[in-house]
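A.B. asks: To be precise about what I am sending: the file is called model.pdb and holds PDB, N, CA and C atoms.
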```
ATOM      1  N   MET A   1     -10.635   8.406  -1.602  1.00  0.00           N
ATOM      2  CA  MET A   1      -9.286   8.911  -1.535  1.00  0.00           C
ATOM      3  C   MET A   1      -8.322   7.791  -1.134  1.00  0.00           C
ATOM      4  N   THR A   2      -8.732   6.977  -0.179  1.00  0.00           N
ATOM      5  CA  THR A   2      -7.863   5.889   0.261  1.00  0.00           C
ATOM      6  C   THR A   2      -7.630   4.881  -0.850  1.00  0.00           C
ATOM      7  N   ALA A   3      -8.657   4.599  -1.633  1.00  0.00           N
ATOM      8  CA  ALA A   3      -8.502   3.660  -2.747  1.00  0.00           C
ATOM      9  C   ALA A   3      -7.492   4.188  -3.766  1.00  0.00           C
ATOM     10  N   LYS A   4      -7.532   5.482  -4.043  1.00  0.00           N
ATOM     11  CA  LYS A   4      -6.589   6.065  -5.001  1.00  0.00           C
ATOM     12  C   LYS A   4      -5.169   6.028  -4.442  1.00  0.00           C
ATOM     13  N   LEU A   5      -4.995   6.346  -3.151  1.00  0.00           N
ATOM     14  CA  LEU A   5      -3.670   6.284  -2.557  1.00  0.00           C
ATOM     15  C   LEU A   5      -3.136   4.853  -2.563  1.00  0.00           C
ATOM     16  N   THR A   6      -4.009   3.879  -2.327  1.00  0.00           N
ATOM     17  CA  THR A   6      -3.591   2.478  -2.370  1.00  0.00           C
ATOM     18  C   THR A   6      -3.136   2.097  -3.768  1.00  0.00           C
ATOM     19  N   ARG A   7      -3.882   2.546  -4.780  1.00  0.00           N
ATOM     20  CA  ARG A   7      -3.500   2.257  -6.172  1.00  0.00           C
ATOM     21  C   ARG A   7      -2.148   2.880  -6.498  1.00  0.00           C
ATOM     22  N   ILE A   8      -1.952   4.141  -6.095  1.00  0.00           N
ATOM     23  CA  ILE A   8      -0.683   4.828  -6.361  1.00  0.00           C
ATOM     24  C   ILE A   8       0.464   4.117  -5.650  1.00  0.00           C
ATOM     25  N   ALA A   9       0.251   3.710  -4.398  1.00  0.00           N
ATOM     26  CA  ALA A   9       1.302   3.038  -3.637  1.00  0.00           C
ATOM     27  C   ALA A   9       1.706   1.716  -4.268  1.00  0.00           C
ATOM     28  N   ASN A  10       0.763   1.025  -4.911  1.00  0.00           N
ATOM     29  CA  ASN A  10       1.038  -0.292  -5.468  1.00  0.00           C
ATOM     30  C   ASN A  10       1.460  -0.274  -6.937  1.00  0.00           C
ATOM     31  N   MET A  11       1.416   0.884  -7.587  1.00  0.00           N
ATOM     32  CA  MET A  11       1.832   0.960  -8.991  1.00  0.00           C
ATOM     33  C   MET A  11       3.346   1.079  -9.092  1.00  0.00           C
ATOM     34  N   PRO A  12       3.954   0.403 -10.069  1.00  0.00           N
ATOM     35  CA  PRO A  12       5.408   0.517 -10.241  1.00  0.00           C
ATOM     36  C   PRO A  12       5.784   1.853 -10.892  1.00  0.00           C
ATOM     37  N   LEU A  13       7.009   2.298 -10.628  1.00  0.00           N
ATOM     38  CA  LEU A  13       7.489   3.529 -11.249  1.00  0.00           C
ATOM     39  C   LEU A  13       7.747   3.327 -12.735  1.00  0.00           C
ATOM     40  N   GLN A  14       8.169   2.139 -13.103  1.00  0.00           N
ATOM     41  CA  GLN A  14       8.412   1.781 -14.505  1.00  0.00           C
ATOM     42  C   GLN A  14       7.425   0.688 -14.909  1.00  0.00           C
ATOM     43  N   ALA A  15       7.007   0.670 -16.151  1.00  0.00           N
ATOM     44  CA  ALA A  15       6.089  -0.351 -16.638  1.00  0.00           C
ATOM     45  C   ALA A  15       6.735  -1.731 -16.508  1.00  0.00           C
ATOM     46  N   LYS A  16       5.959  -2.691 -15.999  1.00  0.00           N
ATOM     47  CA  LYS A  16       6.443  -4.069 -15.845  1.00  0.00           C
ATOM     48  C   LYS A  16       5.405  -5.006 -16.431  1.00  0.00           C
ATOM     49  N   GLY A  17       5.764  -5.681 -17.485  1.00  0.00           N
ATOM     50  CA  GLY A  17       4.834  -6.618 -18.108  1.00  0.00           C
ATOM     51  C   GLY A  17       3.573  -5.916 -18.552  1.00  0.00           C
ATOM     52  N   ASP A  18       2.427  -6.346 -18.001  1.00  0.00           N
ATOM     53  CA  ASP A  18       1.158  -5.725 -18.382  1.00  0.00           C
ATOM     54  C   ASP A  18       0.753  -4.597 -17.442  1.00  0.00           C
ATOM     55  N   GLN A  19       1.605  -4.277 -16.433  1.00  0.00           N
ATOM     56  CA  GLN A  19       1.318  -3.169 -15.525  1.00  0.00           C
ATOM     57  C   GLN A  19       1.819  -1.868 -16.108  1.00  0.00           C
ATOM     58  N   LYS A  20       0.975  -0.839 -16.051  1.00  0.00           N
ATOM     59  CA  LYS A  20       1.379   0.480 -16.514  1.00  0.00           C
ATOM     60  C   LYS A  20       2.273   1.147 -15.476  1.00  0.00           C
ATOM     61  N   ALA A  21       3.072   2.098 -15.934  1.00  0.00           N
ATOM     62  CA  ALA A  21       3.903   2.882 -15.018  1.00  0.00           C
ATOM     63  C   ALA A  21       3.046   3.958 -14.366  1.00  0.00           C
ATOM     64  N   LEU A  22       3.464   4.428 -13.226  1.00  0.00           N
ATOM     65  CA  LEU A  22       2.765   5.489 -12.517  1.00  0.00           C
ATOM     66  C   LEU A  22       2.832   6.769 -13.348  1.00  0.00           C
ATOM     67  N   PRO A  23       1.681   7.405 -13.622  1.00  0.00           N
ATOM     68  CA  PRO A  23       1.690   8.645 -14.413  1.00  0.00           C
ATOM     69  C   PRO A  23       2.489   9.753 -13.714  1.00  0.00           C
ATOM     70  N   ALA A  24       3.062  10.637 -14.488  1.00  0.00           N
ATOM     71  CA  ALA A  24       3.904  11.702 -13.948  1.00  0.00           C
ATOM     72  C   ALA A  24       3.154  12.613 -12.984  1.00  0.00           C
ATOM     73  N   ASP A  25       1.868  12.854 -13.223  1.00  0.00           N
ATOM     74  CA  ASP A  25       1.121  13.743 -12.334  1.00  0.00           C
ATOM     75  C   ASP A  25       0.820  13.104 -10.969  1.00  0.00           C
ATOM     76  N   GLU A  26       0.951  11.777 -10.863  1.00  0.00           N
ATOM     77  CA  GLU A  26       0.728  11.093  -9.590  1.00  0.00           C
ATOM     78  C   GLU A  26       2.035  10.725  -8.896  1.00  0.00           C
ATOM     79  N   LEU A  27       3.148  10.922  -9.565  1.00  0.00           N
ATOM     80  CA  LEU A  27       4.462  10.570  -9.013  1.00  0.00           C
ATOM     81  C   LEU A  27       4.762  11.253  -7.676  1.00  0.00           C
ATOM     82  N   PRO A  28       4.420  12.540  -7.480  1.00  0.00           N
ATOM     83  CA  PRO A  28       4.697  13.167  -6.174  1.00  0.00           C
ATOM     84  C   PRO A  28       3.934  12.509  -5.017  1.00  0.00           C
ATOM     85  N   TRP A  29       2.887  11.767  -5.310  1.00  0.00           N
ATOM     86  CA  TRP A  29       2.081  11.118  -4.273  1.00  0.00           C
ATOM     87  C   TRP A  29       2.576   9.724  -3.922  1.00  0.00           C
ATOM     88  N   LYS A  30       3.587   9.201  -4.621  1.00  0.00           N
ATOM     89  CA  LYS A  30       4.056   7.826  -4.407  1.00  0.00           C
ATOM     90  C   LYS A  30       4.505   7.595  -2.955  1.00  0.00           C
ATOM     91  N   THR A  31       5.402   8.398  -2.440  1.00  0.00           N
ATOM     92  CA  THR A  31       5.894   8.207  -1.069  1.00  0.00           C
ATOM     93  C   THR A  31       4.799   8.431  -0.034  1.00  0.00           C
ATOM     94  N   PRO A  32       4.045   9.535  -0.092  1.00  0.00           N
ATOM     95  CA  PRO A  32       2.972   9.695   0.897  1.00  0.00           C
ATOM     96  C   PRO A  32       1.934   8.576   0.835  1.00  0.00           C
ATOM     97  N   ALA A  33       1.691   8.035  -0.343  1.00  0.00           N
ATOM     98  CA  ALA A  33       0.701   6.967  -0.482  1.00  0.00           C
ATOM     99  C   ALA A  33       1.150   5.679   0.197  1.00  0.00           C
ATOM    100  N   GLU A  34       2.451   5.488   0.351  1.00  0.00           N
ATOM    101  CA  GLU A  34       2.975   4.280   0.984  1.00  0.00           C
ATOM    102  C   GLU A  34       3.016   4.382   2.505  1.00  0.00           C
ATOM    103  N   LEU A  35       2.781   5.557   3.076  1.00  0.00           N
ATOM    104  CA  LEU A  35       2.969   5.777   4.498  1.00  0.00           C
ATOM    105  C   LEU A  35       1.754   5.589   5.407  1.00  0.00           C
ATOM    106  N   PRO A  36       0.512   5.704   4.933  1.00  0.00           N
ATOM    107  CA  PRO A  36      -0.610   5.567   5.869  1.00  0.00           C
ATOM    108  C   PRO A  36      -0.618   4.207   6.566  1.00  0.00           C
ATOM    109  N   VAL A  37      -0.993   4.238   7.828  1.00  0.00           N
ATOM    110  CA  VAL A  37      -1.061   3.027   8.635  1.00  0.00           C
ATOM    111  C   VAL A  37      -2.472   2.897   9.178  1.00  0.00           C
ATOM    112  N   SER A  38      -3.056   1.752   9.012  1.00  0.00           N
ATOM    113  CA  SER A  38      -4.369   1.475   9.594  1.00  0.00           C
ATOM    114  C   SER A  38      -4.160   0.580  10.802  1.00  0.00           C
ATOM    115  N   MET A  39      -4.792   0.911  11.895  1.00  0.00           N
ATOM    116  CA  MET A  39      -4.600   0.143  13.114  1.00  0.00           C
ATOM    117  C   MET A  39      -5.758  -0.809  13.395  1.00  0.00           C
ATOM    118  N   ALA A  40      -6.713  -0.903  12.504  1.00  0.00           N
ATOM    119  CA  ALA A  40      -7.865  -1.764  12.740  1.00  0.00           C
ATOM    120  C   ALA A  40      -8.044  -2.741  11.576  1.00  0.00           C
ATOM    121  N   PRO A  41      -7.334  -3.882  11.594  1.00  0.00           N
ATOM    122  CA  PRO A  41      -7.421  -4.813  10.473  1.00  0.00           C
ATOM    123  C   PRO A  41      -8.811  -5.405  10.271  1.00  0.00           C
ATOM    124  N   ASP A  42      -9.668  -5.355  11.294  1.00  0.00           N
ATOM    125  CA  ASP A  42     -11.001  -5.915  11.136  1.00  0.00           C
ATOM    126  C   ASP A  42     -11.874  -5.099  10.188  1.00  0.00           C
ATOM    127  N   VAL A  43     -11.508  -3.850   9.910  1.00  0.00           N
ATOM    128  CA  VAL A  43     -12.292  -3.050   8.979  1.00  0.00           C
ATOM    129  C   VAL A  43     -11.760  -3.149   7.553  1.00  0.00           C
ATOM    130  N   GLY A  44     -10.676  -3.872   7.351  1.00  0.00           N
ATOM    131  CA  GLY A  44     -10.087  -3.993   6.016  1.00  0.00           C
ATOM    132  C   GLY A  44     -11.031  -4.586   4.994  1.00  0.00           C
ATOM    133  N   THR A  45     -11.805  -5.561   5.383  1.00  0.00           N
ATOM    134  CA  THR A  45     -12.732  -6.204   4.462  1.00  0.00           C
ATOM    135  C   THR A  45     -13.907  -5.294   4.144  1.00  0.00           C
ATOM    136  N   SER A  46     -14.487  -4.691   5.148  1.00  0.00           N
ATOM    137  CA  SER A  46     -15.680  -3.868   4.926  1.00  0.00           C
ATOM    138  C   SER A  46     -15.366  -2.576   4.174  1.00  0.00           C
ATOM    139  N   THR A  47     -14.135  -2.103   4.240  1.00  0.00           N
ATOM    140  CA  THR A  47     -13.770  -0.855   3.567  1.00  0.00           C
ATOM    141  C   THR A  47     -12.925  -1.080   2.317  1.00  0.00           C
ATOM    142  N   ASN A  48     -12.656  -2.327   1.984  1.00  0.00           N
ATOM    143  CA  ASN A  48     -11.837  -2.669   0.808  1.00  0.00           C
ATOM    144  C   ASN A  48     -10.427  -2.091   0.890  1.00  0.00           C
ATOM    145  N   LEU A  49      -9.869  -2.031   2.095  1.00  0.00           N
ATOM    146  CA  LEU A  49      -8.522  -1.492   2.276  1.00  0.00           C
ATOM    147  C   LEU A  49      -7.482  -2.584   2.502  1.00  0.00           C
ATOM    148  N   ASN A  50      -7.838  -3.840   2.340  1.00  0.00           N
ATOM    149  CA  ASN A  50      -6.889  -4.925   2.566  1.00  0.00           C
ATOM    150  C   ASN A  50      -5.581  -4.742   1.795  1.00  0.00           C
ATOM    151  N   PRO A  51      -5.606  -4.302   0.525  1.00  0.00           N
ATOM    152  CA  PRO A  51      -4.322  -4.129  -0.171  1.00  0.00           C
ATOM    153  C   PRO A  51      -3.411  -3.115   0.515  1.00  0.00           C
ATOM    154  N   ALA A  52      -3.971  -2.127   1.189  1.00  0.00           N
ATOM    155  CA  ALA A  52      -3.157  -1.125   1.870  1.00  0.00           C
ATOM    156  C   ALA A  52      -2.553  -1.674   3.151  1.00  0.00           C
ATOM    157  N   MET A  53      -3.148  -2.732   3.710  1.00  0.00           N
ATOM    158  CA  MET A  53      -2.683  -3.260   4.989  1.00  0.00           C
ATOM    159  C   MET A  53      -1.860  -4.537   4.838  1.00  0.00           C
ATOM    160  N   ASP A  54      -1.912  -5.182   3.700  1.00  0.00           N
ATOM    161  CA  ASP A  54      -1.210  -6.450   3.523  1.00  0.00           C
ATOM    162  C   ASP A  54       0.292  -6.284   3.707  1.00  0.00           C
ATOM    163  N   GLY A  55       0.871  -7.118   4.542  1.00  0.00           N
ATOM    164  CA  GLY A  55       2.312  -7.147   4.726  1.00  0.00           C
ATOM    165  C   GLY A  55       2.872  -6.019   5.559  1.00  0.00           C
ATOM    166  N   LYS A  56       2.033  -5.191   6.146  1.00  0.00           N
ATOM    167  CA  LYS A  56       2.528  -4.096   6.965  1.00  0.00           C
ATOM    168  C   LYS A  56       2.401  -4.478   8.430  1.00  0.00           C
ATOM    169  N   ILE A  57       3.513  -4.862   9.023  1.00  0.00           N
ATOM    170  CA  ILE A  57       3.562  -5.201  10.439  1.00  0.00           C
ATOM    171  C   ILE A  57       4.445  -4.151  11.100  1.00  0.00           C
ATOM    172  N   PHE A  58       3.909  -3.464  12.097  1.00  0.00           N
ATOM    173  CA  PHE A  58       4.658  -2.412  12.760  1.00  0.00           C
ATOM    174  C   PHE A  58       4.890  -2.800  14.209  1.00  0.00           C
ATOM    175  N   GLY A  59       6.053  -2.514  14.702  1.00  0.00           N
ATOM    176  CA  GLY A  59       6.369  -2.821  16.084  1.00  0.00           C
ATOM    177  C   GLY A  59       7.863  -3.039  16.234  1.00  0.00           C
ATOM    178  N   ALA A  60       8.222  -3.676  17.328  1.00  0.00           N
ATOM    179  CA  ALA A  60       9.627  -3.955  17.579  1.00  0.00           C
ATOM    180  C   ALA A  60      10.186  -4.880  16.497  1.00  0.00           C
ATOM    181  N   PRO A  61      11.470  -4.714  16.119  1.00  0.00           N
ATOM    182  CA  PRO A  61      12.045  -5.542  15.065  1.00  0.00           C
ATOM    183  C   PRO A  61      12.133  -7.025  15.431  1.00  0.00           C
ATOM    184  N   VAL A  62      11.944  -7.370  16.691  1.00  0.00           N
ATOM    185  CA  VAL A  62      12.018  -8.784  17.091  1.00  0.00           C
ATOM    186  C   VAL A  62      10.697  -9.511  16.857  1.00  0.00           C
ATOM    187  N   VAL A  63       9.655  -8.786  16.437  1.00  0.00           N
ATOM    188  CA  VAL A  63       8.351  -9.396  16.188  1.00  0.00           C
ATOM    189  C   VAL A  63       8.424 -10.213  14.905  1.00  0.00           C
ATOM    190  N   VAL A  64       7.991 -11.448  14.971  1.00  0.00           N
ATOM    191  CA  VAL A  64       7.999 -12.330  13.803  1.00  0.00           C
ATOM    192  C   VAL A  64       6.699 -12.159  13.035  1.00  0.00           C
ATOM    193  N   ASP A  65       6.786 -11.993  11.726  1.00  0.00           N
ATOM    194  CA  ASP A  65       5.606 -11.877  10.874  1.00  0.00           C
ATOM    195  C   ASP A  65       5.180 -13.288  10.441  1.00  0.00           C
ATOM    196  N   TYR A  66       4.371 -13.942  11.259  1.00  0.00           N
ATOM    197  CA  TYR A  66       3.949 -15.315  10.981  1.00  0.00           C
ATOM    198  C   TYR A  66       3.081 -15.396   9.732  1.00  0.00           C
ATOM    199  N   GLU A  67       2.342 -14.333   9.408  1.00  0.00           N
ATOM    200  CA  GLU A  67       1.493 -14.350   8.232  1.00  0.00           C
ATOM    201  C   GLU A  67       2.325 -14.482   6.960  1.00  0.00           C
ATOM    202  N   THR A  68       3.426 -13.735   6.881  1.00  0.00           N
ATOM    203  CA  THR A  68       4.295 -13.796   5.714  1.00  0.00           C
ATOM    204  C   THR A  68       5.019 -15.148   5.638  1.00  0.00           C
ATOM    205  N   ASP A  69       5.448 -15.650   6.789  1.00  0.00           N
ATOM    206  CA  ASP A  69       6.130 -16.954   6.818  1.00  0.00           C
ATOM    207  C   ASP A  69       5.190 -18.049   6.383  1.00  0.00           C
TER     208      ASP A  69
END
```
Rewrite the structure of this file - the entire thing - as structure tokens.
C.D. replies:
Amino acid sequence: MTAKLTRIANMPLQAKGDQKALPADELPWKTPAELPVSMAPDVGTSTNLNPAMDGKIFGAPVVVDYETD
């Protein structure tokens, strides 16, 4: 289920280049698919959830995202 939500969250609404657009039956899941938060980055590799966790830094707005920089 998590893999499917990750795929839905990362698919564009409109086709871009060689990427397909999100199918209409999965469109209602786009926003909920973008919202899950994982708090244990060490399990990202073993569970193949790294795409769902990449670039998601949560906390005070003064926190610098050194990974992105």
A.B. asks: May I have the residues within 8 Å of A:Ala33 as a ChimeraX atom specification, using only C-alpha atoms and disregarding those fewer than 5 positions away in the same chain?
C.D. replies: /A:5-6,8-9
A.B. asks: Name every residue that the PyMOL selection byres (((chain A and resi 13-17 and name CA) around 12) and name CA) selects in this structure, writing the answer as a PyMOL selection string with chains first and numbers rising.
C.D. replies: chain A and resi 8-12+18-24+26-31
A.B. asks: Could you check how far atom C of A:Pro32 sits from atom N of A:Asp69, in Å to one decimal?
C.D. replies: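 Atom N of A:Asp69 lies at a distance of 25.2 Å from atom C of A:Pro32.
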A.B. asks: Any idea what the distance is between atom C of A:Thr2 and atom C of A:Tyr66?
C.D. replies: 25.3 Å
A.B. asks: Produce stretch 7-39 of chain A of the given structure as output with N, CA, C and O atoms, as a compact mmCIF listing (two decimals), in the first residue's frame.
C.D. replies:
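Output below, filename out.txt:
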```txt
# COMPACT_ATOMS: atom_id res chain seq x y z
N ARG A 7 3.96 6.03 -5.31
CA ARG A 7 3.87 6.20 -6.77
C ARG A 7 2.86 7.28 -7.13
O ARG A 7 3.12 8.16 -7.95
N ILE A 8 1.69 7.25 -6.47
CA ILE A 8 0.65 8.25 -6.74
C ILE A 8 1.15 9.65 -6.37
O ILE A 8 0.94 10.61 -7.11
N ALA A 9 1.83 9.77 -5.23
CA ALA A 9 2.33 11.07 -4.79
C ALA A 9 3.35 11.65 -5.76
O ALA A 9 3.43 12.86 -5.94
N ASN A 10 4.13 10.79 -6.41
CA ASN A 10 5.20 11.25 -7.29
C ASN A 10 4.79 11.37 -8.76
O ASN A 10 5.58 11.87 -9.57
N MET A 11 3.59 10.94 -9.11
CA MET A 11 3.14 11.06 -10.50
C MET A 11 2.61 12.46 -10.78
O MET A 11 1.92 13.04 -9.94
N PRO A 12 2.90 13.01 -11.95
CA PRO A 12 2.37 14.34 -12.29
C PRO A 12 0.88 14.26 -12.66
O PRO A 12 0.39 13.23 -13.09
N LEU A 13 0.19 15.38 -12.47
CA LEU A 13 -1.22 15.44 -12.84
C LEU A 13 -1.38 15.45 -14.36
O LEU A 13 -2.35 14.92 -14.89
N GLN A 14 -0.44 16.06 -15.04
CA GLN A 14 -0.43 16.11 -16.51
C GLN A 14 0.79 15.35 -17.02
O GLN A 14 1.83 15.37 -16.37
N ALA A 15 0.68 14.72 -18.16
CA ALA A 15 1.80 13.99 -18.75
C ALA A 15 2.96 14.95 -19.02
O ALA A 15 2.75 16.06 -19.52
N LYS A 16 4.17 14.53 -18.65
CA LYS A 16 5.37 15.34 -18.88
C LYS A 16 6.42 14.45 -19.53
O LYS A 16 6.92 13.51 -18.91
N GLY A 17 6.77 14.76 -20.74
CA GLY A 17 7.78 13.97 -21.44
C GLY A 17 7.37 12.52 -21.53
O GLY A 17 6.34 12.19 -22.10
N ASP A 18 8.19 11.63 -20.95
CA ASP A 18 7.87 10.20 -21.00
C ASP A 18 7.09 9.73 -19.78
O ASP A 18 6.76 8.55 -19.67
N GLN A 19 6.75 10.66 -18.85
CA GLN A 19 5.95 10.30 -17.68
C GLN A 19 4.48 10.36 -18.01
O GLN A 19 4.01 11.33 -18.61
N LYS A 20 3.74 9.33 -17.61
CA LYS A 20 2.30 9.32 -17.80
C LYS A 20 1.62 10.22 -16.77
O LYS A 20 2.16 10.45 -15.70
N ALA A 21 0.43 10.67 -17.10
CA ALA A 21 -0.36 11.46 -16.15
C ALA A 21 -1.03 10.51 -15.16
O ALA A 21 -1.22 9.32 -15.43
N LEU A 22 -1.37 11.01 -14.01
CA LEU A 22 -2.05 10.23 -12.98
C LEU A 22 -3.44 9.84 -13.50
O LEU A 22 -4.19 10.70 -13.96
N PRO A 23 -3.78 8.55 -13.46
CA PRO A 23 -5.11 8.12 -13.94
C PRO A 23 -6.23 8.76 -13.12
O PRO A 23 -6.07 9.03 -11.93
N ALA A 24 -7.37 8.95 -13.74
CA ALA A 24 -8.50 9.61 -13.09
C ALA A 24 -8.98 8.86 -11.85
O ALA A 24 -9.39 9.49 -10.87
N ASP A 25 -8.91 7.53 -11.85
CA ASP A 25 -9.38 6.78 -10.69
C ASP A 25 -8.44 6.90 -9.48
O ASP A 25 -8.84 6.61 -8.35
N GLU A 26 -7.20 7.35 -9.70
CA GLU A 26 -6.25 7.54 -8.60
C GLU A 26 -6.12 9.00 -8.19
O GLU A 26 -5.49 9.31 -7.19
N LEU A 27 -6.73 9.89 -8.94
CA LEU A 27 -6.65 11.33 -8.67
C LEU A 27 -7.12 11.71 -7.26
O LEU A 27 -6.48 12.53 -6.60
N PRO A 28 -8.21 11.12 -6.73
CA PRO A 28 -8.63 11.49 -5.36
C PRO A 28 -7.59 11.13 -4.30
O PRO A 28 -7.62 11.66 -3.19
N TRP A 29 -6.66 10.25 -4.61
CA TRP A 29 -5.64 9.82 -3.65
C TRP A 29 -4.39 10.68 -3.70
O TRP A 29 -3.47 10.50 -2.90
N LYS A 30 -4.29 11.64 -4.63
CA LYS A 30 -3.08 12.45 -4.80
C LYS A 30 -2.71 13.20 -3.52
O LYS A 30 -1.58 13.08 -3.03
N THR A 31 -3.61 13.97 -2.95
CA THR A 31 -3.30 14.74 -1.74
C THR A 31 -3.02 13.84 -0.55
O THR A 31 -2.01 14.02 0.13
N PRO A 32 -3.88 12.85 -0.25
CA PRO A 32 -3.56 11.97 0.88
C PRO A 32 -2.23 11.23 0.71
O PRO A 32 -1.53 10.98 1.68
N ALA A 33 -1.88 10.90 -0.52
CA ALA A 33 -0.63 10.18 -0.77
C ALA A 33 0.60 11.04 -0.47
O ALA A 33 1.66 10.51 -0.16
N GLU A 34 0.46 12.35 -0.54
CA GLU A 34 1.58 13.25 -0.28
C GLU A 34 1.76 13.55 1.21
O GLU A 34 2.77 14.12 1.60
N LEU A 35 0.82 13.16 2.06
CA LEU A 35 0.83 13.56 3.46
C LEU A 35 1.50 12.61 4.45
O LEU A 35 1.89 13.08 5.52
N PRO A 36 1.63 11.31 4.19
CA PRO A 36 2.24 10.45 5.21
C PRO A 36 3.66 10.89 5.57
O PRO A 36 4.43 11.32 4.73
N VAL A 37 3.97 10.76 6.84
CA VAL A 37 5.28 11.13 7.35
C VAL A 37 5.88 9.91 8.03
O VAL A 37 5.23 9.27 8.86
N SER A 38 7.09 9.59 7.69
CA SER A 38 7.81 8.51 8.36
C SER A 38 8.83 9.14 9.29
O SER A 38 9.55 10.05 8.91
N MET A 39 8.89 8.67 10.51
CA MET A 39 9.80 9.26 11.48
C MET A 39 11.06 8.43 11.68
O MET A 39 11.84 8.71 12.55
```
